[in-house]
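> Coordinates in start-v9.pdb, PDB, C-alpha atoms, are listed below.
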```
ATOM      1  CA  MET A  39       0.000   0.000   0.000  1.00  0.00           C
ATOM      2  CA  MET A  40       1.434   3.349  -1.037  1.00  0.00           C
ATOM      3  CA  SER A  41       0.042   6.746  -0.110  1.00  0.00           C
ATOM      4  CA  GLY A  42       1.133  10.333  -0.450  1.00  0.00           C
ATOM      5  CA  PHE A  43       0.707  12.965   2.232  1.00  0.00           C
ATOM      6  CA  ALA A  44       1.102  16.660   2.838  1.00  0.00           C
ATOM      7  CA  HIS A  45       1.069  18.467   6.136  1.00  0.00           C
ATOM      8  CA  ASN A  46      -2.482  19.608   6.630  1.00  0.00           C
ATOM      9  CA  SER A  47      -3.517  21.375   9.826  1.00  0.00           C
ATOM     10  CA  SER A  48      -7.229  20.706   9.332  1.00  0.00           C
ATOM     11  CA  SER A  49      -6.784  16.920   9.006  1.00  0.00           C
ATOM     12  CA  GLY A  50      -3.839  16.693  11.403  1.00  0.00           C
ATOM     13  CA  THR A  51      -1.685  14.964   8.800  1.00  0.00           C
ATOM     14  CA  THR A  52       2.033  15.450   9.406  1.00  0.00           C
ATOM     15  CA  THR A  53       5.235  13.558   8.773  1.00  0.00           C
ATOM     16  CA  LEU A  54       5.088  12.357  12.359  1.00  0.00           C
ATOM     17  CA  SER A  55       1.452  11.266  12.083  1.00  0.00           C
ATOM     18  CA  GLU A  56       2.388   9.208   9.010  1.00  0.00           C
ATOM     19  CA  ILE A  57       5.331   7.645  10.838  1.00  0.00           C
ATOM     20  CA  MET A  58       2.984   6.760  13.700  1.00  0.00           C
ATOM     21  CA  ARG A  59       0.326   5.382  11.308  1.00  0.00           C
ATOM     22  CA  VAL A  60       2.864   3.134   9.611  1.00  0.00           C
ATOM     23  CA  ARG A  61       4.290   2.082  12.964  1.00  0.00           C
ATOM     24  CA  ARG A  62       0.845   1.016  14.176  1.00  0.00           C
ATOM     25  CA  ALA A  63       0.205  -0.854  10.936  1.00  0.00           C
ATOM     26  CA  ILE A  64       3.275  -3.096  11.060  1.00  0.00           C
ATOM     27  CA  SER A  65       4.351  -3.107  14.750  1.00  0.00           C
ATOM     28  CA  PRO A  66       8.069  -2.936  13.955  1.00  0.00           C
ATOM     29  CA  ASP A  67      10.788  -4.499  16.046  1.00  0.00           C
ATOM     30  CA  ASN A  68      13.533  -3.021  13.882  1.00  0.00           C
ATOM     31  CA  SER A  69      13.891   0.488  12.429  1.00  0.00           C
ATOM     32  CA  PHE A  70      16.370   2.573  10.453  1.00  0.00           C
ATOM     33  CA  TRP A  71      16.117   6.363  10.416  1.00  0.00           C
ATOM     34  CA  CYS A  72      18.102   8.639   8.091  1.00  0.00           C
ATOM     35  CA  PHE A  73      17.848  12.407   8.393  1.00  0.00           C
ATOM     36  CA  ALA A  74      19.887  15.344   7.177  1.00  0.00           C
ATOM     37  CA  TYR A  75      19.775  16.866  10.614  1.00  0.00           C
ATOM     38  CA  ALA A  76      18.161  16.586  14.027  1.00  0.00           C
ATOM     39  CA  THR A  77      17.110  19.123  16.624  1.00  0.00           C
ATOM     40  CA  GLN A  78      16.279  18.820  20.285  1.00  0.00           C
ATOM     41  CA  SER A  79      12.686  19.867  19.550  1.00  0.00           C
ATOM     42  CA  GLY A  80      12.376  17.119  16.943  1.00  0.00           C
ATOM     43  CA  PHE A  81      13.671  14.526  19.368  1.00  0.00           C
ATOM     44  CA  ARG A  82      11.248  15.681  22.083  1.00  0.00           C
ATOM     45  CA  GLU A  83       8.259  15.629  19.726  1.00  0.00           C
ATOM     46  CA  PHE A  84       9.192  12.187  18.446  1.00  0.00           C
ATOM     47  CA  GLU A  85       9.675  10.815  21.951  1.00  0.00           C
ATOM     48  CA  LEU A  86       6.362  12.247  23.154  1.00  0.00           C
ATOM     49  CA  SER A  87       4.665  10.469  20.258  1.00  0.00           C
ATOM     50  CA  VAL A  88       6.343   7.073  20.441  1.00  0.00           C
ATOM     51  CA  GLY A  89       6.732   6.751  24.209  1.00  0.00           C
ATOM     52  CA  ASN A  90       9.137   4.547  26.121  1.00  0.00           C
ATOM     53  CA  GLU A  91       7.813   1.362  24.567  1.00  0.00           C
ATOM     54  CA  PHE A  92       9.379   2.339  21.244  1.00  0.00           C
ATOM     55  CA  TRP A  93      12.852   2.508  22.759  1.00  0.00           C
ATOM     56  CA  ASN A  94      12.332  -0.682  24.770  1.00  0.00           C
ATOM     57  CA  GLU A  95      10.695  -2.756  22.024  1.00  0.00           C
ATOM     58  CA  THR A  96      12.271  -1.538  18.790  1.00  0.00           C
ATOM     59  CA  LYS A  97      15.890  -1.796  17.769  1.00  0.00           C
ATOM     60  CA  SER A  98      16.729   1.459  16.033  1.00  0.00           C
ATOM     61  CA  ARG A  99      19.619   2.731  13.967  1.00  0.00           C
ATOM     62  CA  TRP A 100      19.941   6.437  13.253  1.00  0.00           C
ATOM     63  CA  LEU A 101      22.049   7.929  10.477  1.00  0.00           C
ATOM     64  CA  PHE A 102      22.376  11.713  10.628  1.00  0.00           C
ATOM     65  CA  GLY A 103      24.329  14.404   8.879  1.00  0.00           C
ATOM     66  CA  ILE A 104      26.217  17.136  10.668  1.00  0.00           C
ATOM     67  CA  ASP A 105      26.707  19.203   7.526  1.00  0.00           C
ATOM     68  CA  TYR A 106      27.198  22.899   8.282  1.00  0.00           C
ATOM     69  CA  GLY A 107      26.723  22.182  12.014  1.00  0.00           C
ATOM     70  CA  ARG A 108      22.916  22.122  11.718  1.00  0.00           C
ATOM     71  CA  THR A 109      22.395  19.012  13.836  1.00  0.00           C
ATOM     72  CA  ASP A 110      22.018  19.705  17.542  1.00  0.00           C
ATOM     73  CA  PRO A 111      24.558  17.552  19.417  1.00  0.00           C
ATOM     74  CA  ARG A 112      22.141  17.322  22.359  1.00  0.00           C
ATOM     75  CA  ALA A 113      19.611  15.547  20.133  1.00  0.00           C
ATOM     76  CA  LEU A 114      22.272  13.060  19.023  1.00  0.00           C
ATOM     77  CA  ARG A 115      23.250  12.332  22.631  1.00  0.00           C
ATOM     78  CA  GLU A 116      19.606  11.954  23.691  1.00  0.00           C
ATOM     79  CA  ILE A 117      18.875   9.453  20.939  1.00  0.00           C
ATOM     80  CA  ALA A 118      22.117   7.546  21.530  1.00  0.00           C
ATOM     81  CA  GLY A 119      21.260   7.354  25.228  1.00  0.00           C
ATOM     82  CA  ARG A 120      18.018   5.472  24.641  1.00  0.00           C
ATOM     83  CA  ALA A 121      17.708   1.685  24.783  1.00  0.00           C
ATOM     84  CA  ASN A 122      18.314  -0.354  21.645  1.00  0.00           C
ATOM     85  CA  THR A 123      19.798   2.500  19.620  1.00  0.00           C
ATOM     86  CA  GLU A 124      22.892   3.095  17.578  1.00  0.00           C
ATOM     87  CA  VAL A 125      23.739   6.477  16.059  1.00  0.00           C
ATOM     88  CA  ARG A 126      26.167   7.102  13.229  1.00  0.00           C
ATOM     89  CA  ILE A 127      27.133  10.213  11.308  1.00  0.00           C
ATOM     90  CA  TYR A 128      27.417  10.254   7.540  1.00  0.00           C
ATOM     91  CA  ASP A 129      31.021  11.081   6.576  1.00  0.00           C
ATOM     92  CA  GLY A 130      31.438  12.308  10.154  1.00  0.00           C
ATOM     93  CA  ARG A 131      35.228  12.190  10.440  1.00  0.00           C
ATOM     94  CA  PHE A 132      35.668  14.179   7.243  1.00  0.00           C
ATOM     95  CA  VAL A 133      33.017  16.788   8.088  1.00  0.00           C
ATOM     96  CA  MET A 134      34.434  17.217  11.612  1.00  0.00           C
ATOM     97  CA  ASP A 135      37.788  18.217  10.160  1.00  0.00           C
ATOM     98  CA  ARG A 136      36.342  20.902   7.894  1.00  0.00           C
ATOM     99  CA  ALA A 137      35.877  24.544   8.848  1.00  0.00           C
ATOM    100  CA  GLY A 138      32.152  25.212   9.131  1.00  0.00           C
ATOM    101  CA  PHE A 139      31.470  21.466   8.889  1.00  0.00           C
ATOM    102  CA  VAL A 140      31.316  21.773   5.104  1.00  0.00           C
ATOM    103  CA  PRO A 141      30.684  18.323   3.617  1.00  0.00           C
ATOM    104  CA  ARG A 142      32.229  16.916   0.482  1.00  0.00           C
ATOM    105  CA  ARG A 143      28.704  15.819  -0.479  1.00  0.00           C
ATOM    106  CA  ASP A 144      25.533  17.077   1.232  1.00  0.00           C
ATOM    107  CA  PHE A 145      23.648  14.449   3.238  1.00  0.00           C
ATOM    108  CA  HIS A 146      20.000  15.388   2.868  1.00  0.00           C
ATOM    109  CA  PRO A 147      17.603  12.410   3.340  1.00  0.00           C
ATOM    110  CA  LYS A 148      14.436  12.257   5.410  1.00  0.00           C
ATOM    111  CA  ILE A 149      13.632   8.557   5.642  1.00  0.00           C
ATOM    112  CA  SER A 150      12.008   6.290   8.217  1.00  0.00           C
ATOM    113  CA  MET A 151      12.246   2.561   7.540  1.00  0.00           C
ATOM    114  CA  MET A 152      10.515   0.018   9.765  1.00  0.00           C
ATOM    115  CA  GLU A 153      10.406  -3.747   9.818  1.00  0.00           C
ATOM    116  CA  ASN A 154       8.536  -6.441  11.669  1.00  0.00           C
ATOM    117  CA  THR A 155      11.031  -9.292  11.380  1.00  0.00           C
ATOM    118  CA  ALA A 156       8.631 -11.929  12.749  1.00  0.00           C
ATOM    119  CA  ILE A 157       6.169 -11.525   9.893  1.00  0.00           C
ATOM    120  CA  GLY A 158       8.532 -10.068   7.287  1.00  0.00           C
ATOM    121  CA  SER A 159       6.604  -6.825   6.935  1.00  0.00           C
ATOM    122  CA  GLN A 160       8.460  -3.633   5.986  1.00  0.00           C
ATOM    123  CA  ALA A 161       7.484  -0.018   5.484  1.00  0.00           C
ATOM    124  CA  ILE A 162       9.080   3.279   4.573  1.00  0.00           C
ATOM    125  CA  VAL A 163       8.119   6.916   5.028  1.00  0.00           C
ATOM    126  CA  LEU A 164       9.946   9.298   2.683  1.00  0.00           C
ATOM    127  CA  GLY A 165       9.372  12.997   2.987  1.00  0.00           C
ATOM    128  CA  SER A 166      10.727  16.484   2.976  1.00  0.00           C
ATOM    129  CA  GLY A 167      10.657  17.011   6.756  1.00  0.00           C
ATOM    130  CA  ASN A 168      13.806  16.809   8.845  1.00  0.00           C
ATOM    131  CA  PHE A 169      13.995  15.407  12.362  1.00  0.00           C
ATOM    132  CA  SER A 170      12.944  18.738  13.856  1.00  0.00           C
ATOM    133  CA  TYR A 171       9.673  19.939  15.338  1.00  0.00           C
ATOM    134  CA  ASN A 172       9.009  21.960  12.200  1.00  0.00           C
ATOM    135  CA  GLY A 173       9.876  19.078   9.877  1.00  0.00           C
ATOM    136  CA  LEU A 174       7.858  16.525  11.803  1.00  0.00           C
ATOM    137  CA  ARG A 175       4.812  18.663  12.657  1.00  0.00           C
ATOM    138  CA  ARG A 176       4.679  22.326  11.681  1.00  0.00           C
ATOM    139  CA  SER A 177       6.259  23.268   8.335  1.00  0.00           C
ATOM    140  CA  ILE A 178       4.654  22.676   4.974  1.00  0.00           C
ATOM    141  CA  GLU A 179       6.077  19.264   4.123  1.00  0.00           C
ATOM    142  CA  ALA A 180       5.084  16.352   1.913  1.00  0.00           C
ATOM    143  CA  GLY A 181       6.017  12.768   1.343  1.00  0.00           C
ATOM    144  CA  SER A 182       4.861   9.228   0.813  1.00  0.00           C
ATOM    145  CA  ALA A 183       4.406   6.135   2.919  1.00  0.00           C
ATOM    146  CA  THR A 184       4.670   2.590   1.634  1.00  0.00           C
ATOM    147  CA  ILE A 185       3.816  -0.605   3.433  1.00  0.00           C
ATOM    148  CA  ALA A 186       5.092  -3.569   1.467  1.00  0.00           C
ATOM    149  CA  ALA A 187       2.245  -6.049   1.233  1.00  0.00           C
ATOM    150  CA  THR A 188       4.090  -8.382  -1.124  1.00  0.00           C
ATOM    151  CA  LYS A 189       7.648  -9.351  -2.044  1.00  0.00           C
ATOM    152  CA  VAL A 190       7.145  -7.410  -5.284  1.00  0.00           C
ATOM    153  CA  ASP A 191       6.250  -4.267  -3.275  1.00  0.00           C
ATOM    154  CA  LEU A 192       9.296  -4.773  -1.080  1.00  0.00           C
ATOM    155  CA  ASN A 193      11.652  -5.220  -4.021  1.00  0.00           C
ATOM    156  CA  GLU A 194      10.171  -2.329  -5.989  1.00  0.00           C
ATOM    157  CA  HIS A 195       9.531   0.340  -3.336  1.00  0.00           C
ATOM    158  CA  ILE A 196      11.656  -0.327  -0.272  1.00  0.00           C
ATOM    159  CA  GLU A 197      14.743  -2.351  -1.140  1.00  0.00           C
ATOM    160  CA  PRO A 198      16.172   0.148  -3.681  1.00  0.00           C
ATOM    161  CA  VAL A 199      16.180   2.843  -0.979  1.00  0.00           C
ATOM    162  CA  ARG A 200      17.170   0.627   1.916  1.00  0.00           C
ATOM    163  CA  SER A 201      20.138  -0.898   0.087  1.00  0.00           C
ATOM    164  CA  VAL A 202      21.686   2.525  -0.594  1.00  0.00           C
ATOM    165  CA  PHE A 203      21.374   3.607   3.032  1.00  0.00           C
ATOM    166  CA  GLU A 204      22.657   0.263   4.332  1.00  0.00           C
ATOM    167  CA  GLU A 205      25.857   0.926   2.372  1.00  0.00           C
ATOM    168  CA  LEU A 206      26.097   4.475   3.733  1.00  0.00           C
ATOM    169  CA  TRP A 207      25.593   3.080   7.250  1.00  0.00           C
ATOM    170  CA  LYS A 208      28.593   0.760   6.879  1.00  0.00           C
ATOM    171  CA  ASP A 209      30.902   3.680   6.103  1.00  0.00           C
ATOM    172  CA  ALA A 210      29.418   6.166   8.587  1.00  0.00           C
ATOM    173  CA  SER A 211      31.216   7.280  11.733  1.00  0.00           C
ATOM    174  CA  PRO A 212      29.949   5.967  15.067  1.00  0.00           C
ATOM    175  CA  LEU A 213      28.716   8.898  17.154  1.00  0.00           C
ATOM    176  CA  ASP A 214      31.264   8.121  19.863  1.00  0.00           C
ATOM    177  CA  ASP A 215      34.078   8.795  17.379  1.00  0.00           C
ATOM    178  CA  ILE A 216      33.040  12.410  16.877  1.00  0.00           C
ATOM    179  CA  ALA A 217      30.783  13.376  19.788  1.00  0.00           C
ATOM    180  CA  LYS A 218      33.476  14.866  21.965  1.00  0.00           C
ATOM    181  CA  ASN A 219      34.547  17.353  19.294  1.00  0.00           C
ATOM    182  CA  TYR A 220      31.133  18.147  17.854  1.00  0.00           C
TER
END
```
Can the structure in the file be given as structure tokens, please?

Amino acid sequence: MMSGFAHNSSSGTTTLSEIMRVRRAISPDNSFWCFAYATQSGFREFELSVGNEFWNETKSRWLFGIDYGRTDPRALREIAGRANTEVRIYDGRFVMDRAGFVPRRDFHPKISMMENTAIGSQAIVLGSGNFSYNGLRRSIEAGSATIAATKVDLNEHIEPVRSVFEELWKDASPLDDIAKNY
């Protein structure tokens, strides 16, 4: 099932509401989140929505950019401090060594991937909103959500995206490698 969405104050549709809808639909035990940047307000809004059970019941990997110093280091530490999480930074060692945190290649995704390994169900939410309060709830944002109902759906709509970000994950810097200097 694939659906598009746009932030709409009258219906209450937001990037975060779509993430929550997809989460309820597949009950993930594994998740992979890739965002250009994160803010403390985005982390707080996300945590208020998902509650402690998310952190306790869902393994999560988080891949963020720190390009231009836009990511709030407090948000990274908060996420990394939760149960079942691992945080990495795209091209983190390189960006840390550059004045103004100028990247060699901008890291700009906004992707939430979820999986229920017991039943083999996967879903993805792709959008324009960053991991910030504005990106998750307030700004004018748009995107799409896909729940793979079949192997064909998985191979066509999720795997092409997931495979790229799995490769980026392998080469990303663990947060601990850069946190002290960021």
> Exactly which residues make up the result of the PyMOL selection byres ((chain A and resi 112-122) around 12) on this file, given as a ChimeraX atom specification?
/A:67-71,73,75-85,89-104,108-111,123-127,169-171,212-214,216-218,220
> Could you tell me, as a list in words, exactly which residues end up selected when the PyMOL selection byres ((chain A and resi 151-153) around 9) is applied to this structure?
Val60, Arg61, Ile64, Ser65, Pro66, Asp67, Asn68, Ser69, Phe70, Trp71, Cys72, Ser98, Ile149, Ser150, Asn154, Thr155, Ala156, Ile157, Gly158, Ser159, Gln160, Ala161, Ile162, Val163, Leu164, Ile196 and Arg200 of chain A
> I'd like to know which of A:Asp144, A:Glu179, A:Glu204, A:Asp135 is closest to Ser47 in chain A, using only C-alpha atoms.
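Looking at the shortest contact to Ser47 in chain A, the residue is A:Glu179.
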> On this structure, the PyMOL selection byres ((chain A and resi 41) around 7) would catch which residues? List them as a list in words, sorted by chain and number.
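Residues picked by the PyMOL selection byres ((chain A and resi 41) around 7): Met39, Met40, Gly42, Phe43, Ser182, Ala183 and Thr184 of chain A.
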> Extract, using only C-alpha atoms, all DNA, RNA and protein residues at most 7 Å from Ala210 in chain A, discarding same-chain residues fewer than 3 positions from it, and format them as a ChimeraX atom specification.
/A:126-130,206-207
> Kindly give the distance, in Å, that separates CA of Gly107 in chain A and CA of Asp215 in chain A, rounded to a single decimal.
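Going from CA of Gly107 in chain A over to CA of Asp215 in chain A covers 16.2 Å.
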> Quick check, in Å to one decimal: how far apart do CA of Phe139 in chain A and CA of Asn172 in chain A lie?
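Computed distance, CA of Phe139 in chain A to CA of Asn172 in chain A, equals 22.7 Å.
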> Rounded to one decimal in Å, what is the spacing between CA of Gly165 in chain A and CA of Pro147 in chain A?
8.3 Å
> To test the calculation: enclose all listed atoms of range 99-102 of chain A in a box whose edges run along x, y and z, add 8 Å on each side, then state centre and edge lengths in Å to one decimal, as lines of an AutoDock Vina configuration file.

```
center_x = 21.0
center_y = 7.2
center_z = 12.2
size_x = 18.8
size_y = 25.0
size_z = 19.5
```
> Of the candidates A:Gly173, A:Gly50, A:Gly138, A:Pro198, which one gets nearest to Asp105 in chain A if we count all atoms listed in the file?
A:Gly138
> Neighbouring residues of Ala44 in chain A were defined as those with any atom within 12 Å, considering all atoms listed in the file; residues of the same chain fewer than 4 positions away were excluded. Please report them as an MDAnalysis selection string.
chainID A and resid 48:56 164:167 173:183
